[in-house]
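K.L.:
The following block contains the structure, expressed as structure tokens.
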Amino acid sequence: MGGLIKSSIARKVAMALSGLFLVFFLLQHFTINFTSIFSAETFNELSHFMGTNPLVQFVLQPVLIFGVIFHFVMGFILEIKNKNARAVKYAKYNGGANASWMSRNMIYSGLVVLAFLGLHFYDFWVPEMVHKYVEFAPEDPSRYYHELLEKFVSPVRTGLYVLSFVFLALHLWHGFASSFQSVGFNNKYSVGATKFAKAFAIAIPLGFIIIAVVLHLNHNH
Amino acid sequence: MSILDSKIPEGPLADKWTKHKNTINLVNPANKRNIDVIVVGTGLAGGSAAATLAELGYNVKTFCYQDSPRRAHSIAAQGGINAAKNYQGDGDSNYRLFYDTVKGGDYRSREANVYRLAEVSGNIIDQCVAQGVPFAREYGGLLDNRSFGGVLVSRTFYAKGQTGQQLLLGAYSAMNRQINRGKIEPFNRHEMLDLVKVDGKARGIIARNLVTGEIERHSAHAVVLATGGYGNVFFLSTNAMGSNVMAAWRAHRRGAFFANPCYTQIHPTCIPVSGDHQSKLTLMSESLRNDGRIWVPKRKEDAEAIRAGKLKPTQLAEEERDYYLERRYPAFGNLVPRDVASRAAKERCDAGFGVNKTGEAVYLDFASAIQRYGQEKALTSGIENPSKEEITKLGEEVIENKYGNLFQMYEKIVDENPYKTPMMIYPAVHYTMGGLWVDYNLQTTVPGCYAAGEANFSDHGANRLGASALMQGLADGYFVLPYTIGDYLSHDIRTGKIPTDTPEFDAAEKDAKDRIQKLMSGSGEHSVDYYHKKLGKIMWNKCGMSRNEKELKEAIDEISALREDFWKNVKVPGTADSMNPELEKAGRVADFLELGELFAKDALHRNESCGGHFREESVEQDGEQKGEALRDDKNFKYVAAWEYKGEPKDAELHKEELNFENIELKTRSYK
Amino acid sequence: MNLTLKIWRQKDAKSQGKMVDYQISGIEGDMSFLEMLDVLNEDLINKGEEPVVFDHDCREGICGSCSLQINGEPHGPDRLITTCQLHMRKFNDGDTIYIEPFRAKAFPVVKDLMVDRSAFDRIQHAGGYISVNTSGNTIDANAIPVNKENADDAFAAATCIGCGACVAACKNASAMLFTSAKVSQYALLPQGQVEATERVLAMVNQMDEEGFGNCTNTGACEIECPKGISLENIARMNREYLKASVKG
């Protein structure tokens, strides 16, 4: 993948565009999930649509998976190249003096999010795939909410989700706003755009946290 | 003593350069490919010369001691560059620029050269703009100008306080283009150790690779020296730490005459020395004198109390202050030329009125300017009955817009807020008008060896006007030397490559190696800096702003003795065949120790006061000008060019008479 | 004040280097950081040891020679200055100061604290110019009006001194701020438009070949830049590059 896009700037732009795509996906994912805390029906309807619509299943889903893989593989490639650009390390490096923790640790926040994706796929996507394309189980448009609720019974899993969303926030905090700069967008509107991106970086993961916690509490009540 | 031929073309002043260009020999493009030129130094003069020579088709090798040509000390010039464009429509012309430069130089420069400089000045601006140099502009998109150095027109082009940087980067960009084309081969971190002559002509150099310590031979059909000035002979100056006279001095030892070494410009507005650890001095742009008022306390007791830290300058009332420039020179006040302002500051400090702990500083006060601008601003902004605080705040804002970066620099260095307490300044060595003697073609007395920029004895006479150094460097490099050198090189089209395996190169390389060996084998008593500081003290105290026969004679003997001691007892650690900055310094100081002596000798022989050279024996005895510098046109209207004869004190004087056909010689008066 | 210095010593490019401790006393607040090193070197010379080698020249913050990573930051803890303008009053008696060379694969150590920054020069050779002949047959300067705002922005970009602090500060040792400042200067001026496409492609290509890391927009370079070169320049270079790539 690194071979395809050779120049540093092209890679940077590709990283930004794939990131922006994932941000967009996140928004969509959040919107659907959010319905789960006030209307199980709406949630079921939307989930059913997403789970059965061929366009979503056979076009958007592969694109999304490609986007995710591209983003993290390119992230690794860049990280390795960037690490190599400084062969001898500083004995003392005061990175906190001139850059935020978030911006300096995208690889770590990214890795946590990636690990979370593994868990998340194991929880939802794999069973979904098995359900639909391996077992060819009969379709029940109202099964989604219950399945969802089941997952958040465990306080450990809920805790892991919450923690992951915190790291997602950290990742987005730098990543979203920085993607504008990468695609060359830095002008008088940038201040506003950056503010929006930072607000997004807090609001969406916080929303996910709320969903997880509410679902966990709903079940116990 | 002989009379030097300056090769000034015949004809009316305004036609000389055009006529000369039309009649000199050219080299055809096919032949230029077979001709090599070495350019030593990559500042404004060297960088621009290298770029143009390469563009014309010559094969150019450039040498600089820095790690990149772009770091040459031209980069530090702040104020601006003069050009007779008359964009402001204020009556400027080539003649006026010529006239101002000759007068400013106290009638010690060559008319024809200065006129040529004025003539090509406009072209420099065209050239630089085409290259993408971002000069300051007005809102209409056209170039902005300011007035500089007390002249009557606005002809100075500038890029904030970094004009030198922008022009040098422009010249470097032109070099980049030629490097990319393969026409310039840059040798960075290389230092020229000697000039190689074959059959009396300059045919190459010996250089040391400063990274590996290797001694290299480089041959060429001509050698251009654009290695800057020698202000560092004073140890403390506004020059870069590495600025040195080695290349010019080595050429001098090989037969190039050294002209007017005693003409030094001491700039009045520098940040004062803070202690013995001081390694260099920082200039504050001359433009500060447009708004700052210079003063010292009237009473010696007050000055003493300030030095002891018991009194603050702001506590002194108006009538307790001595605005000595305004007092002595009512017509020009704080805007008198650099040499006059510097001497006046020294006079007050010597009399015991200095205001910092070393006693060598005067105040440059912006308080009245802040009030004046504040009131104006309040008026134009329609603020009625403004309070004193409001006025001060508004005034400080105006000052910040004009000089913000300088004030910030001052505060970083001195740790005092110049908006609230007056700045302290003191004169410092800044520029050297003297240098290698060159004829109209910029050729030294060694055929094939050319000198450009500050390295030659230049067009500035005995004193340089502000914003003229950049102009001269670029004029020499872009527009003069590339033409005139062709006349000489036209005789070399059949010469072929100059071999380096000849006895001449062998001998020069051996000399260079022996010298290094000798430097490395001193007894190891004192470091190089020890000697450099000692030399600096002698130069500053006895050959500085004010000179007299007795002290100049002492200086000659002291420098001579110091040089002897240096060669016996200097300590150079490390090895010769590796990177060794102490060895580099040692070689440079060794040459300063010779130049310093010639400097004093030149100052001693010139028993007149002119421009930056002030002899206490030559002052006006009475009348309005009493006590001011007295020039002696009858006996000293010449360029003093010195021929090397072994010891610097034995140098032989050659004169080039200066003829003024277009300008009447007058006394400079600023009363 | 008395200080403990931890300084990187390395004989030459091929040798291994290491941090060495030095004690130094009698340092005054008015000294610049480099004058403090001068004092140390004078001590070392008098003791018969080799002085510490570091790049420096103008000592007034404009030539871009001086470098040094001081306590983990290029040009030390102060802002908008170079090492030669850093004064010892920023430190306290008894402090330990780490002094290291600017670190990047593209900036190999020459000796001790001196590094080879010729990669920057090669980036400039690749396209840092406008192809105009220098022998003076150009049009009148005022025949090319330039919008003041663009002229000021071009100037701001052009004030880069090429010191390499951006690379040293960047966790990825990226040279984007430097390269973008050069690209921007010309991109903002009408004179630079003719060659804009080739220039940005050539300069970015050379930058990549030199082995600098990639930009991840941490912004460290902008904070540490002694001349305050803005990140906007990087965005501009990205735009210019994309435009040029599309064109071809």
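Chain labels A, B, ... are given in the sequence in which chains occur in the structure tokens; within each chain residues are numbered consecutively from 1, and ligands are likewise numbered from 1 in the order shown.
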So which residues of stretch 331-425 of chain B fall under strand (DSSP E) by DSSP, listed as a ChimeraX atom specification?

P.N.:
/B:362-365,423-425

K.L.:
Under the rule of at most 6 Å, produce a per-residue listing of chain B near chain C: chain, number, name, the closest pair of atoms, and the distance in Å, as CSV, using only C-alpha atoms.

P.N.:
```
residue,atom,partner,partner_atom,distance
B:Thr52,CA,C:Thr134,CA,5.6
B:Arg71,CA,C:Cys63,CA,4.8
B:Asp126,CA,C:Ala141,CA,4.2
B:Gln127,CA,C:Gly136,CA,5.8
B:Val129,CA,C:Ala141,CA,5.8
B:Gln131,CA,C:Ile130,CA,5.6
B:Pro134,CA,C:Phe155,CA,5.2
B:Arg137,CA,C:Lys148,CA,5.8
B:Tyr139,CA,C:Lys148,CA,5.4
B:Gly141,CA,C:Val146,CA,4.6
B:Leu142,CA,C:Pro145,CA,5.2
B:Ser173,CA,C:Tyr129,CA,4.7
B:Asn176,CA,C:His125,CA,4.5
B:Asn180,CA,C:His125,CA,5.5
B:Ala240,CA,C:Cys58,CA,3.9
B:Met241,CA,C:Asp57,CA,4.9
B:Gly242,CA,C:Asp57,CA,5.9
B:Pro573,CA,C:Glu50,CA,5.9
B:Gly574,CA,C:Glu50,CA,5.9
```

K.L.:
Could the residues of chain A that have an atom at most 9 Å from chain C be listed as JSON lines, each with its closest atom pair and the distance in Å to one decimal, counting only C-alpha atoms and ordered by chain and ascending residue number?

P.N.:
```
{"residue": "A:Ser7", "atom": "CA", "partner": "C:Asp208", "partner_atom": "CA", "distance": 6.9}
{"residue": "A:Ser8", "atom": "CA", "partner": "C:Asn214", "partner_atom": "CA", "distance": 5.9}
{"residue": "A:Ile9", "atom": "CA", "partner": "C:Asn238", "partner_atom": "CA", "distance": 6.4}
{"residue": "A:Ala10", "atom": "CA", "partner": "C:Leu242", "partner_atom": "CA", "distance": 7.8}
{"residue": "A:Arg11", "atom": "CA", "partner": "C:Asn214", "partner_atom": "CA", "distance": 8.6}
{"residue": "A:Lys12", "atom": "CA", "partner": "C:Cys215", "partner_atom": "CA", "distance": 7.3}
{"residue": "A:Val13", "atom": "CA", "partner": "C:Asn238", "partner_atom": "CA", "distance": 8.1}
{"residue": "A:Leu78", "atom": "CA", "partner": "C:Asn214", "partner_atom": "CA", "distance": 7.0}
{"residue": "A:Glu79", "atom": "CA", "partner": "C:Asn172", "partner_atom": "CA", "distance": 8.2}
{"residue": "A:Lys81", "atom": "CA", "partner": "C:Gly213", "partner_atom": "CA", "distance": 6.3}
{"residue": "A:Asn82", "atom": "CA", "partner": "C:Gly213", "partner_atom": "CA", "distance": 4.4}
{"residue": "A:Lys83", "atom": "CA", "partner": "C:Asn172", "partner_atom": "CA", "distance": 6.3}
{"residue": "A:Asn84", "atom": "CA", "partner": "C:Lys105", "partner_atom": "CA", "distance": 7.4}
{"residue": "A:Ala85", "atom": "CA", "partner": "C:Gly213", "partner_atom": "CA", "distance": 5.0}
{"residue": "A:Arg86", "atom": "CA", "partner": "C:Ala104", "partner_atom": "CA", "distance": 4.4}
{"residue": "A:Ala87", "atom": "CA", "partner": "C:Lys105", "partner_atom": "CA", "distance": 5.6}
{"residue": "A:Val88", "atom": "CA", "partner": "C:Arg103", "partner_atom": "CA", "distance": 6.8}
{"residue": "A:Lys89", "atom": "CA", "partner": "C:Arg103", "partner_atom": "CA", "distance": 7.1}
{"residue": "A:Tyr90", "atom": "CA", "partner": "C:Arg103", "partner_atom": "CA", "distance": 7.1}
{"residue": "A:Ala91", "atom": "CA", "partner": "C:Glu100", "partner_atom": "CA", "distance": 7.8}
{"residue": "A:Lys92", "atom": "CA", "partner": "C:Gly72", "partner_atom": "CA", "distance": 4.8}
{"residue": "A:Tyr93", "atom": "CA", "partner": "C:Gly72", "partner_atom": "CA", "distance": 3.9}
{"residue": "A:Asn94", "atom": "CA", "partner": "C:Gly72", "partner_atom": "CA", "distance": 4.4}
{"residue": "A:Gly95", "atom": "CA", "partner": "C:Gly72", "partner_atom": "CA", "distance": 7.4}
{"residue": "A:Ala97", "atom": "CA", "partner": "C:Glu73", "partner_atom": "CA", "distance": 7.7}
{"residue": "A:Asn98", "atom": "CA", "partner": "C:Ala220", "partner_atom": "CA", "distance": 4.7}
{"residue": "A:Ala99", "atom": "CA", "partner": "C:Ala220", "partner_atom": "CA", "distance": 5.1}
{"residue": "A:Ser100", "atom": "CA", "partner": "C:Thr218", "partner_atom": "CA", "distance": 7.1}
{"residue": "A:Met102", "atom": "CA", "partner": "C:Thr218", "partner_atom": "CA", "distance": 8.6}
{"residue": "A:Ser103", "atom": "CA", "partner": "C:Thr218", "partner_atom": "CA", "distance": 5.0}
{"residue": "A:Arg104", "atom": "CA", "partner": "C:Thr218", "partner_atom": "CA", "distance": 6.5}
{"residue": "A:Met106", "atom": "CA", "partner": "C:Thr216", "partner_atom": "CA", "distance": 9.0}
{"residue": "A:His174", "atom": "CA", "partner": "C:Thr218", "partner_atom": "CA", "distance": 8.1}
{"residue": "A:Gly175", "atom": "CA", "partner": "C:Asn217", "partner_atom": "CA", "distance": 8.8}
{"residue": "A:Ser178", "atom": "CA", "partner": "C:Asn217", "partner_atom": "CA", "distance": 6.0}
{"residue": "A:Ser179", "atom": "CA", "partner": "C:Asn217", "partner_atom": "CA", "distance": 8.5}
{"residue": "A:Phe180", "atom": "CA", "partner": "C:Ala235", "partner_atom": "CA", "distance": 8.4}
{"residue": "A:Gln181", "atom": "CA", "partner": "C:Ala235", "partner_atom": "CA", "distance": 5.3}
{"residue": "A:Ser182", "atom": "CA", "partner": "C:Ala235", "partner_atom": "CA", "distance": 6.3}
{"residue": "A:Val183", "atom": "CA", "partner": "C:Asn238", "partner_atom": "CA", "distance": 6.4}
{"residue": "A:Gly184", "atom": "CA", "partner": "C:Ala235", "partner_atom": "CA", "distance": 4.0}
{"residue": "A:Phe185", "atom": "CA", "partner": "C:Ala235", "partner_atom": "CA", "distance": 6.2}
{"residue": "A:Asn186", "atom": "CA", "partner": "C:Glu232", "partner_atom": "CA", "distance": 5.8}
{"residue": "A:Asn187", "atom": "CA", "partner": "C:Glu232", "partner_atom": "CA", "distance": 7.6}
```

K.L.:
Using the chain letters and numbers from this document, which residues of stretch 572-634 of chain B does DSSP assign to alpha helix (DSSP H), as an NGL selection string?

P.N.:
:B and (581-605 or 633-634)

K.L.:
Could you tell me how far atom CA of B:Ala226 sits from atom CA of B:Asn244, in Å to one decimal place?

P.N.:
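Between atom CA of B:Asn244 and atom CA of B:Ala226 the gap works out to 11.5 Å.
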
K.L.:
Do you have the atom CA of B:Pro447-atom CA of B:Asp194 distance handy?

P.N.:
15.5 Å

K.L.:
Env of A:Ser109: 8 Å cut, atoms = only C-alpha atoms, seq-sep filter 6 positions within chain, self excluded. Answer as a list of chain:residue names.

P.N.:
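Counting only C-alpha atoms, the residues come to A:Met102, A:Phe167, A:Leu168, A:Leu170, A:His171.
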
K.L.:
With a distance cut-off of 12 Å and only C-alpha atoms, select the neighbouring residues of A:Leu20, excluding the residue or stretch itself and same-chain residues fewer than 2 positions from it, and output the selection as a list in words.

P.N.:
Val13, Ala14, Met15, Ala16, Leu17, Ser18, Leu22, Val23, Phe24, Phe25, Leu26, Leu27, Leu64, Gly67, Val68, His71, Leu172, Gly175, Phe176, Ala177, Ser178, Ser179, Phe180, Ser182, Val183 and Ala197 of chain A

K.L.:
Using the selection just defined, write its residues with C-alpha atoms as an mmCIF file, in the first residue's frame.

P.N.:
```
data_model
loop_
_atom_site.group_PDB
_atom_site.id
_atom_site.type_symbol
_atom_site.label_atom_id
_atom_site.label_comp_id
_atom_site.auth_asym_id
_atom_site.auth_seq_id
_atom_site.Cartn_x
_atom_site.Cartn_y
_atom_site.Cartn_z
ATOM 1 C CA VAL A 13 -3.525 13.375 2.116
ATOM 2 C CA ALA A 14 -4.597 9.739 1.795
ATOM 3 C CA MET A 15 -4.374 9.388 5.556
ATOM 4 C CA ALA A 16 -6.513 12.470 5.991
ATOM 5 C CA LEU A 17 -9.123 11.435 3.439
ATOM 6 C CA SER A 18 -9.482 7.928 4.830
ATOM 7 C CA LEU A 22 -14.151 7.121 8.932
ATOM 8 C CA VAL A 23 -15.286 10.207 10.798
ATOM 9 C CA PHE A 24 -18.310 10.330 8.525
ATOM 10 C CA PHE A 25 -18.994 6.670 9.140
ATOM 11 C CA LEU A 26 -18.684 7.254 12.865
ATOM 12 C CA LEU A 27 -21.340 9.916 12.718
ATOM 13 C CA LEU A 64 -15.686 0.739 4.896
ATOM 14 C CA GLY A 67 -11.085 2.314 4.560
ATOM 15 C CA VAL A 68 -10.367 0.963 8.011
ATOM 16 C CA HIS A 71 -6.108 3.866 7.453
ATOM 17 C CA LEU A 172 -10.174 12.243 16.967
ATOM 18 C CA GLY A 175 -6.907 13.505 13.824
ATOM 19 C CA PHE A 176 -10.101 15.175 12.717
ATOM 20 C CA ALA A 177 -8.901 18.769 12.926
ATOM 21 C CA SER A 178 -5.506 17.877 11.517
ATOM 22 C CA SER A 179 -7.027 16.307 8.408
ATOM 23 C CA PHE A 180 -8.079 19.773 7.238
ATOM 24 C CA SER A 182 -3.374 17.800 5.506
ATOM 25 C CA VAL A 183 -5.680 18.407 2.582
ATOM 26 C CA ALA A 197 -13.712 19.125 14.842
#
```

K.L.:
Interatomic distance between atom CA of B:Ser468 and atom CA of B:Thr156?

P.N.:
9.1 Å

K.L.:
Could you tell me which of B:Val336, B:Gln162, B:Ala378, B:Ala247 comes closest to C:Lys227 if we count only C-alpha atoms?

P.N.:
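Once distances to C:Lys227 are computed over only C-alpha atoms, the minimum belongs to B:Gln162.
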
K.L.:
Could you pull the residues within 7 Å of B:Gly486, counting only C-alpha atoms, minus those fewer than 3 positions along the same chain, as a PyMOL selection string?

P.N.:
chain B and resi 25-27+482-483+489-490
